[in-house]
Amino acid sequence: MAEDRHQQRQQRLKEQVDARIAAAQESRGLLLVFTGNGKGKTTAAFGTVTRAVGHGMQAGVIQFIKGEWPNGEKNLLLQHGVEFQVMATGFTWETQSKESDTAACQAVWQHGKRMLADASLDVVLLDELTYMVAYGYLELEAVMTALAQRPAHQTVIITGRGCHRDLLELADTVTEMRPVKHAFDAGIKAQQGIDW
């Protein structure tokens with residue numbers, strides 16, 4: 001009796017899922033945003049890039065804010081032809097120079113615009129872009145224009161806290177990471193291979 005009810009519920013669920021799959025007919029590149037105060041935004045984005053590369057797709061990565069420290073994702077993906085352009089100034093609270101940070105951001109953004117215009121790239125990751133817009137290092141309008149003019153098949157991933165509402169509105173999928181518990185708060189050091 002219980003097994004019959006379970007089977008009937010699962011059948012109704014399957015029919016609902018099948019109907020949604022059948023109704024989804026559009027095929028185009030997506031704009032994905034990983035935002036929020038929790039850990040894992042860049043990790044989730046790199047998971048998507050790795051998945052795409054595993055399926056033979058071409059990808060490019062722009063990293064704002066990040067420094068020159070070792071990066072496991074970069075080490076792996078470079079071996080598979082993924083281009084990385086890194087701002088390489090480190091965190092803005094370390095540089096403490098808006099002028100030099102803005103110049104570094106603008107320099108790496110030139111590569112970002114090139115990638116967003118490159119039809120050979122299936123996926124472009126704009127890691128930590130949200131901060132560049134929030135701090136005024138990049139004009140929101142320039143970012144929105146580049147996103148709107150990208151090749152129709154190209155998927156773009158944006159990461160970072162405090163994503164601008166216009167980017168959230170433009171996005172097809174938005175995931176907000178929420179902090180529940182973090183090892184660092186308990187005094188545990190960040191670990192190579194796990195945290196970077």
# chains A, B, ... in the order shown; residues from 1 in each chain; ligands from 1
>>> residues_around(residues="Ile62 of chain A", least_positions_apart="2", cutoff="8 Å", atoms="only C-alpha atoms", output="ChimeraX atom specification")
/A:60,64,84-87,108-109,111-112,124-127
>>> write_last_selection(atoms="C-alpha atoms", output="short mmCIF file (atom, residue, chain, number, x, y, z; two decimals), in the first residue's frame")
data_model
loop_
_atom_site.label_atom_id
_atom_site.label_comp_id
_atom_site.auth_asym_id
_atom_site.auth_seq_id
_atom_site.Cartn_x
_atom_site.Cartn_y
_atom_site.Cartn_z
CA GLY A 60 38.56 31.96 -20.70
CA PHE A 64 39.87 40.55 -10.64
CA PHE A 84 43.76 33.20 -17.63
CA GLN A 85 44.15 36.94 -17.22
CA VAL A 86 44.69 37.94 -13.60
CA MET A 87 44.61 41.44 -12.14
CA VAL A 108 42.62 43.20 -17.20
CA TRP A 109 39.15 44.37 -18.32
CA HIS A 111 41.17 41.14 -21.91
CA GLY A 112 37.67 40.60 -20.54
CA VAL A 124 33.91 33.25 -19.87
CA LEU A 125 34.41 33.57 -16.12
CA LEU A 126 34.56 37.11 -14.70
CA ASP A 127 35.72 36.24 -11.19
#
>>> select_by_dssp(residues="chain A", states="strand (DSSP E or B)", output="ChimeraX atom specification")
/A:31-36,59-63,83-86,123-127,155-159,173-177
>>> write_last_selection(atoms="N, CA and C atoms", output="mmCIF file, in the first residue's frame")
data_model
loop_
_atom_site.group_PDB
_atom_site.id
_atom_site.type_symbol
_atom_site.label_atom_id
_atom_site.label_comp_id
_atom_site.auth_asym_id
_atom_site.auth_seq_id
_atom_site.Cartn_x
_atom_site.Cartn_y
_atom_site.Cartn_z
ATOM 1 N N LEU A 31 23.803 33.831 -18.597
ATOM 2 C CA LEU A 31 24.547 34.662 -17.655
ATOM 3 C C LEU A 31 24.261 34.090 -16.278
ATOM 4 N N LEU A 32 25.308 33.561 -15.646
ATOM 5 C CA LEU A 32 25.208 32.976 -14.314
ATOM 6 C C LEU A 32 25.887 33.907 -13.321
ATOM 7 N N VAL A 33 25.277 34.094 -12.163
ATOM 8 C CA VAL A 33 25.866 34.917 -11.109
ATOM 9 C C VAL A 33 25.931 34.087 -9.833
ATOM 10 N N PHE A 34 27.132 34.016 -9.255
ATOM 11 C CA PHE A 34 27.340 33.417 -7.940
ATOM 12 C C PHE A 34 27.692 34.555 -6.998
ATOM 13 N N THR A 35 26.803 34.873 -6.069
ATOM 14 C CA THR A 35 26.995 36.020 -5.194
ATOM 15 C C THR A 35 26.659 35.616 -3.762
ATOM 16 N N GLY A 36 26.669 36.579 -2.856
ATOM 17 C CA GLY A 36 26.358 36.316 -1.458
ATOM 18 C C GLY A 36 27.595 36.353 -0.587
ATOM 19 N N ALA A 59 37.110 27.889 -22.970
ATOM 20 C CA ALA A 59 36.794 28.817 -21.885
ATOM 21 C C ALA A 59 37.932 29.801 -21.659
ATOM 22 N N GLY A 60 37.582 30.945 -21.096
ATOM 23 C CA GLY A 60 38.559 31.958 -20.700
ATOM 24 C C GLY A 60 38.198 32.470 -19.318
ATOM 25 N N VAL A 61 39.215 32.869 -18.560
ATOM 26 C CA VAL A 61 39.016 33.310 -17.184
ATOM 27 C C VAL A 61 39.669 34.668 -16.965
ATOM 28 N N ILE A 62 38.891 35.586 -16.420
ATOM 29 C CA ILE A 62 39.398 36.876 -15.961
ATOM 30 C C ILE A 62 39.261 36.867 -14.447
ATOM 31 N N GLN A 63 40.363 37.141 -13.741
ATOM 32 C CA GLN A 63 40.301 37.190 -12.286
ATOM 33 C C GLN A 63 40.663 38.591 -11.815
ATOM 34 N N GLU A 83 42.613 30.145 -21.136
ATOM 35 C CA GLU A 83 43.384 31.376 -20.951
ATOM 36 C C GLU A 83 42.979 32.041 -19.637
ATOM 37 N N PHE A 84 43.976 32.447 -18.876
ATOM 38 C CA PHE A 84 43.763 33.198 -17.632
ATOM 39 C C PHE A 84 44.375 34.582 -17.775
ATOM 40 N N GLN A 85 43.626 35.583 -17.364
ATOM 41 C CA GLN A 85 44.148 36.940 -17.216
ATOM 42 C C GLN A 85 43.822 37.358 -15.792
ATOM 43 N N VAL A 86 44.852 37.687 -15.025
ATOM 44 C CA VAL A 86 44.691 37.939 -13.602
ATOM 45 C C VAL A 86 45.132 39.352 -13.277
ATOM 46 N N VAL A 123 32.566 29.718 -22.816
ATOM 47 C CA VAL A 123 32.363 30.133 -21.433
ATOM 48 C C VAL A 123 33.420 31.160 -21.051
ATOM 49 N N VAL A 124 32.987 32.237 -20.405
ATOM 50 C CA VAL A 124 33.908 33.247 -19.866
ATOM 51 C C VAL A 124 33.560 33.460 -18.400
ATOM 52 N N LEU A 125 34.570 33.332 -17.557
ATOM 53 C CA LEU A 125 34.406 33.571 -16.119
ATOM 54 C C LEU A 125 34.977 34.943 -15.783
ATOM 55 N N LEU A 126 34.152 35.793 -15.182
ATOM 56 C CA LEU A 126 34.565 37.110 -14.699
ATOM 57 C C LEU A 126 34.554 37.050 -13.171
ATOM 58 N N ASP A 127 35.631 36.512 -12.626
ATOM 59 C CA ASP A 127 35.720 36.236 -11.195
ATOM 60 C C ASP A 127 35.955 37.520 -10.406
ATOM 61 N N THR A 155 28.284 31.546 -22.696
ATOM 62 C CA THR A 155 27.856 31.626 -21.305
ATOM 63 C C THR A 155 28.885 32.414 -20.524
ATOM 64 N N VAL A 156 28.404 33.305 -19.651
ATOM 65 C CA VAL A 156 29.284 34.127 -18.819
ATOM 66 C C VAL A 156 28.928 33.866 -17.361
ATOM 67 N N ILE A 157 29.973 33.748 -16.553
ATOM 68 C CA ILE A 157 29.802 33.549 -15.119
ATOM 69 C C ILE A 157 30.418 34.751 -14.405
ATOM 70 N N ILE A 158 29.646 35.363 -13.525
ATOM 71 C CA ILE A 158 30.120 36.485 -12.707
ATOM 72 C C ILE A 158 30.094 36.040 -11.249
ATOM 73 N N THR A 159 31.179 36.346 -10.512
ATOM 74 C CA THR A 159 31.208 36.026 -9.091
ATOM 75 C C THR A 159 31.492 37.275 -8.271
ATOM 76 N N THR A 173 20.505 32.882 -14.260
ATOM 77 C CA THR A 173 20.556 32.080 -13.034
ATOM 78 C C THR A 173 21.383 32.834 -12.005
ATOM 79 N N VAL A 174 20.837 32.976 -10.809
ATOM 80 C CA VAL A 174 21.544 33.629 -9.707
ATOM 81 C C VAL A 174 21.553 32.674 -8.530
ATOM 82 N N THR A 175 22.742 32.419 -8.017
ATOM 83 C CA THR A 175 22.885 31.601 -6.817
ATOM 84 C C THR A 175 23.510 32.466 -5.744
ATOM 85 N N GLU A 176 22.859 32.494 -4.587
ATOM 86 C CA GLU A 176 23.385 33.276 -3.472
ATOM 87 C C GLU A 176 23.952 32.332 -2.423
ATOM 88 N N MET A 177 25.257 32.465 -2.181
ATOM 89 C CA MET A 177 25.928 31.666 -1.162
ATOM 90 C C MET A 177 25.679 32.326 0.199
#
>>> atom_distance(atom1="atom CA of Gly193 of chain A", atom2="atom CA of Gly72 of chain A")
6.5 Å
>>> closest_residue(among="A:Leu116, A:Ala186, A:Val180, A:Ile21", to="Asn37 of chain A", atoms="only C-alpha atoms")
A:Val180
>>> atom_distance(atom1="atom CA of Cys163 of chain A", atom2="atom CA of Glu73 of chain A")
23.1 Å
>>> residues_around(residues="Pro70 of chain A", least_positions_apart="4", cutoff="10 Å", atoms="only C-alpha atoms", output="ChimeraX atom specification")
/A:74-75,192-193,196
>>> select_by_dssp(residues="segment 6-192 of chain A", states="helix (DSSP H, G or I)", output="compact mmCIF listing (two decimals) with N, CA and C atoms, in the first residue's frame")
# COMPACT_ATOMS: atom_id res chain seq x y z
N HIS A 6 3.80 5.68 -2.88
CA HIS A 6 5.11 6.24 -3.25
C HIS A 6 5.28 6.24 -4.78
N GLN A 7 4.95 5.14 -5.40
CA GLN A 7 5.08 5.04 -6.86
C GLN A 7 4.20 6.06 -7.56
N GLN A 8 2.99 6.27 -7.07
CA GLN A 8 2.07 7.24 -7.67
C GLN A 8 2.61 8.67 -7.53
N ARG A 9 3.14 9.01 -6.34
CA ARG A 9 3.75 10.35 -6.13
C ARG A 9 4.93 10.55 -7.07
N GLN A 10 5.76 9.54 -7.17
CA GLN A 10 6.94 9.64 -8.03
C GLN A 10 6.54 9.76 -9.50
N GLN A 11 5.48 9.08 -9.90
CA GLN A 11 5.00 9.17 -11.28
C GLN A 11 4.49 10.58 -11.57
N ARG A 12 3.73 11.17 -10.63
CA ARG A 12 3.25 12.56 -10.81
C ARG A 12 4.43 13.52 -10.89
N LEU A 13 5.43 13.32 -10.05
CA LEU A 13 6.63 14.16 -10.09
C LEU A 13 7.34 14.01 -11.43
N LYS A 14 7.48 12.78 -11.91
CA LYS A 14 8.12 12.55 -13.20
C LYS A 14 7.37 13.25 -14.32
N GLU A 15 6.06 13.20 -14.30
CA GLU A 15 5.27 13.86 -15.34
C GLU A 15 5.47 15.37 -15.30
N GLN A 16 5.54 15.95 -14.11
CA GLN A 16 5.78 17.40 -13.98
C GLN A 16 7.16 17.77 -14.52
N VAL A 17 8.17 16.99 -14.14
CA VAL A 17 9.54 17.26 -14.61
C VAL A 17 9.61 17.09 -16.13
N ASP A 18 9.03 16.02 -16.65
CA ASP A 18 9.05 15.79 -18.10
C ASP A 18 8.37 16.94 -18.85
N ALA A 19 7.27 17.46 -18.29
CA ALA A 19 6.57 18.58 -18.95
C ALA A 19 7.45 19.83 -18.97
N ARG A 20 8.15 20.10 -17.88
CA ARG A 20 9.04 21.27 -17.84
C ARG A 20 10.19 21.12 -18.84
N ILE A 21 10.74 19.92 -18.93
CA ILE A 21 11.83 19.66 -19.88
C ILE A 21 11.32 19.85 -21.31
N ALA A 22 10.15 19.35 -21.61
CA ALA A 22 9.57 19.48 -22.95
C ALA A 22 9.29 20.94 -23.30
N ALA A 23 8.93 21.74 -22.31
CA ALA A 23 8.60 23.15 -22.55
C ALA A 23 9.84 24.01 -22.76
N LYS A 41 31.84 30.83 -4.04
CA LYS A 41 31.41 31.45 -5.31
C LYS A 41 32.38 31.14 -6.44
N THR A 42 33.65 31.39 -6.21
CA THR A 42 34.66 31.11 -7.23
C THR A 42 34.77 29.62 -7.47
N THR A 43 34.69 28.83 -6.41
CA THR A 43 34.77 27.37 -6.55
C THR A 43 33.63 26.85 -7.42
N ALA A 44 32.42 27.35 -7.20
CA ALA A 44 31.28 26.94 -8.03
C ALA A 44 31.49 27.34 -9.48
N ALA A 45 32.00 28.55 -9.68
CA ALA A 45 32.25 29.02 -11.05
C ALA A 45 33.30 28.16 -11.75
N PHE A 46 34.37 27.83 -11.03
CA PHE A 46 35.40 26.98 -11.63
C PHE A 46 34.87 25.57 -11.88
N GLY A 47 33.95 25.11 -11.06
CA GLY A 47 33.32 23.82 -11.33
C GLY A 47 32.59 23.83 -12.66
N THR A 48 31.90 24.92 -12.94
CA THR A 48 31.19 25.04 -14.21
C THR A 48 32.17 25.13 -15.38
N VAL A 49 33.24 25.91 -15.22
CA VAL A 49 34.26 26.01 -16.27
C VAL A 49 34.88 24.64 -16.53
N THR A 50 35.20 23.92 -15.46
CA THR A 50 35.81 22.59 -15.59
C THR A 50 34.85 21.63 -16.31
N ARG A 51 33.58 21.70 -15.96
CA ARG A 51 32.58 20.86 -16.63
C ARG A 51 32.56 21.17 -18.13
N ALA A 52 32.54 22.46 -18.47
CA ALA A 52 32.51 22.85 -19.88
C ALA A 52 33.74 22.34 -20.62
N VAL A 53 34.90 22.52 -20.04
CA VAL A 53 36.15 22.07 -20.66
C VAL A 53 36.14 20.55 -20.80
N GLY A 54 35.58 19.87 -19.82
CA GLY A 54 35.47 18.41 -19.89
C GLY A 54 34.60 17.94 -21.03
N GLY A 72 44.99 26.26 -7.61
CA GLY A 72 44.82 24.89 -8.11
C GLY A 72 44.00 24.81 -9.38
N GLU A 73 42.92 25.60 -9.45
CA GLU A 73 42.08 25.59 -10.65
C GLU A 73 42.87 26.06 -11.87
N LYS A 74 43.65 27.12 -11.68
CA LYS A 74 44.47 27.64 -12.78
C LYS A 74 45.49 26.60 -13.21
N ASN A 75 46.14 25.95 -12.23
CA ASN A 75 47.13 24.92 -12.56
C ASN A 75 46.53 23.83 -13.44
N LEU A 76 45.32 23.42 -13.13
CA LEU A 76 44.65 22.36 -13.90
C LEU A 76 44.17 22.85 -15.25
N LEU A 77 43.46 23.97 -15.25
CA LEU A 77 42.80 24.43 -16.48
C LEU A 77 43.77 24.95 -17.52
N LEU A 78 44.91 25.48 -17.11
CA LEU A 78 45.93 25.90 -18.08
C LEU A 78 46.39 24.72 -18.94
N THR A 92 42.08 44.44 -2.29
CA THR A 92 42.12 45.90 -2.26
C THR A 92 42.47 46.43 -0.87
N TRP A 93 42.19 45.66 0.18
CA TRP A 93 42.57 46.12 1.51
C TRP A 93 44.08 46.01 1.73
N GLU A 94 44.78 45.25 0.84
CA GLU A 94 46.23 45.17 0.93
C GLU A 94 46.90 46.27 0.11
N THR A 95 46.37 46.54 -1.08
CA THR A 95 46.99 47.55 -1.94
C THR A 95 46.70 48.95 -1.43
N LYS A 98 43.45 53.25 -4.66
CA LYS A 98 42.37 53.20 -5.64
C LYS A 98 42.90 53.46 -7.05
N GLU A 99 43.85 54.36 -7.16
CA GLU A 99 44.40 54.70 -8.48
C GLU A 99 45.08 53.50 -9.13
N SER A 100 45.95 52.81 -8.39
CA SER A 100 46.65 51.67 -8.99
C SER A 100 45.70 50.49 -9.20
N ASP A 101 44.75 50.31 -8.27
CA ASP A 101 43.77 49.24 -8.44
C ASP A 101 42.90 49.48 -9.67
N THR A 102 42.49 50.73 -9.86
CA THR A 102 41.66 51.07 -11.03
C THR A 102 42.42 50.80 -12.32
N ALA A 103 43.69 51.20 -12.36
CA ALA A 103 44.51 50.98 -13.55
C ALA A 103 44.67 49.49 -13.83
N ALA A 104 44.93 48.70 -12.78
CA ALA A 104 45.09 47.25 -12.95
C ALA A 104 43.78 46.62 -13.41
N CYS A 105 42.68 47.08 -12.85
CA CYS A 105 41.36 46.58 -13.24
C CYS A 105 41.09 46.89 -14.71
N GLN A 106 41.33 48.11 -15.11
CA GLN A 106 41.08 48.51 -16.50
C GLN A 106 41.95 47.70 -17.47
N ALA A 107 43.18 47.41 -17.07
CA ALA A 107 44.08 46.63 -17.94
C ALA A 107 43.54 45.22 -18.14
N VAL A 108 43.12 44.56 -17.06
CA VAL A 108 42.62 43.20 -17.20
C VAL A 108 41.23 43.20 -17.87
N TRP A 109 40.47 44.27 -17.68
CA TRP A 109 39.15 44.37 -18.32
C TRP A 109 39.28 44.40 -19.84
N GLN A 110 40.37 44.93 -20.36
CA GLN A 110 40.57 44.91 -21.81
C GLN A 110 40.58 43.46 -22.32
N HIS A 111 41.19 42.57 -21.55
CA HIS A 111 41.17 41.14 -21.91
C HIS A 111 39.76 40.58 -21.77
N GLY A 112 39.05 41.04 -20.73
CA GLY A 112 37.67 40.60 -20.54
C GLY A 112 36.79 40.98 -21.72
N LYS A 113 36.91 42.22 -22.18
CA LYS A 113 36.12 42.66 -23.34
C LYS A 113 36.48 41.83 -24.57
N ARG A 114 37.77 41.54 -24.74
CA ARG A 114 38.20 40.72 -25.88
C ARG A 114 37.57 39.33 -25.80
N MET A 115 37.59 38.73 -24.61
CA MET A 115 37.01 37.39 -24.45
C MET A 115 35.51 37.41 -24.69
N LEU A 116 34.83 38.45 -24.20
CA LEU A 116 33.38 38.54 -24.38
C LEU A 116 32.99 38.77 -25.84
N LEU A 129 34.12 40.17 -10.37
CA LEU A 129 33.72 41.36 -11.11
C LEU A 129 32.83 42.29 -10.27
N THR A 130 32.01 41.72 -9.40
CA THR A 130 31.06 42.54 -8.65
C THR A 130 31.75 43.64 -7.86
N TYR A 131 32.93 43.33 -7.31
CA TYR A 131 33.66 44.34 -6.53
C TYR A 131 34.13 45.48 -7.42
N MET A 132 34.53 45.16 -8.63
CA MET A 132 35.06 46.18 -9.54
C MET A 132 33.98 47.21 -9.87
N VAL A 133 32.75 46.72 -10.01
CA VAL A 133 31.62 47.63 -10.27
C VAL A 133 31.28 48.41 -9.00
N ALA A 134 31.22 47.72 -7.87
CA ALA A 134 30.85 48.37 -6.60
C ALA A 134 31.85 49.45 -6.21
N LEU A 140 29.46 50.23 -14.72
CA LEU A 140 28.42 49.23 -14.91
C LEU A 140 27.95 49.21 -16.36
N GLU A 141 27.78 50.38 -16.95
CA GLU A 141 27.29 50.46 -18.33
C GLU A 141 28.22 49.74 -19.30
N ALA A 142 29.53 49.86 -19.09
CA ALA A 142 30.49 49.19 -19.97
C ALA A 142 30.36 47.67 -19.85
N VAL A 143 30.16 47.19 -18.62
CA VAL A 143 29.99 45.76 -18.40
C VAL A 143 28.70 45.28 -19.05
N MET A 144 27.62 46.02 -18.82
CA MET A 144 26.32 45.63 -19.39
C MET A 144 26.38 45.59 -20.92
N THR A 145 27.05 46.56 -21.51
CA THR A 145 27.18 46.61 -22.97
C THR A 145 27.96 45.41 -23.49
N ALA A 146 29.08 45.10 -22.85
CA ALA A 146 29.90 43.96 -23.28
C ALA A 146 29.12 42.65 -23.15
N LEU A 147 28.35 42.53 -22.09
CA LEU A 147 27.53 41.32 -21.91
C LEU A 147 26.45 41.23 -22.98
N ALA A 148 25.82 42.34 -23.29
CA ALA A 148 24.73 42.35 -24.28
C ALA A 148 25.25 42.05 -25.69
N ARG A 165 22.25 45.23 -8.73
CA ARG A 165 20.89 44.77 -9.06
C ARG A 165 20.66 44.67 -10.57
N ASP A 166 21.28 45.52 -11.38
CA ASP A 166 21.10 45.44 -12.82
C ASP A 166 21.70 44.15 -13.38
N LEU A 167 22.84 43.71 -12.83
CA LEU A 167 23.43 42.45 -13.25
C LEU A 167 22.58 41.27 -12.79
N LEU A 168 22.03 41.38 -11.59
CA LEU A 168 21.14 40.32 -11.09
C LEU A 168 19.90 40.20 -11.98
N GLU A 169 19.36 41.33 -12.39
CA GLU A 169 18.17 41.34 -13.24
C GLU A 169 18.47 40.75 -14.61
N LEU A 170 19.65 41.04 -15.14
CA LEU A 170 20.05 40.55 -16.46
C LEU A 170 20.34 39.05 -16.45
N ALA A 183 35.36 27.36 8.83
CA ALA A 183 36.50 26.89 9.62
C ALA A 183 37.40 28.05 10.06
N PHE A 184 37.57 29.04 9.21
CA PHE A 184 38.44 30.18 9.54
C PHE A 184 37.96 30.90 10.79
N ASP A 185 36.65 30.96 10.97
CA ASP A 185 36.10 31.61 12.16
C ASP A 185 36.47 30.87 13.44
N ALA A 186 36.81 29.60 13.31
CA ALA A 186 37.23 28.80 14.45
C ALA A 186 38.75 28.78 14.58
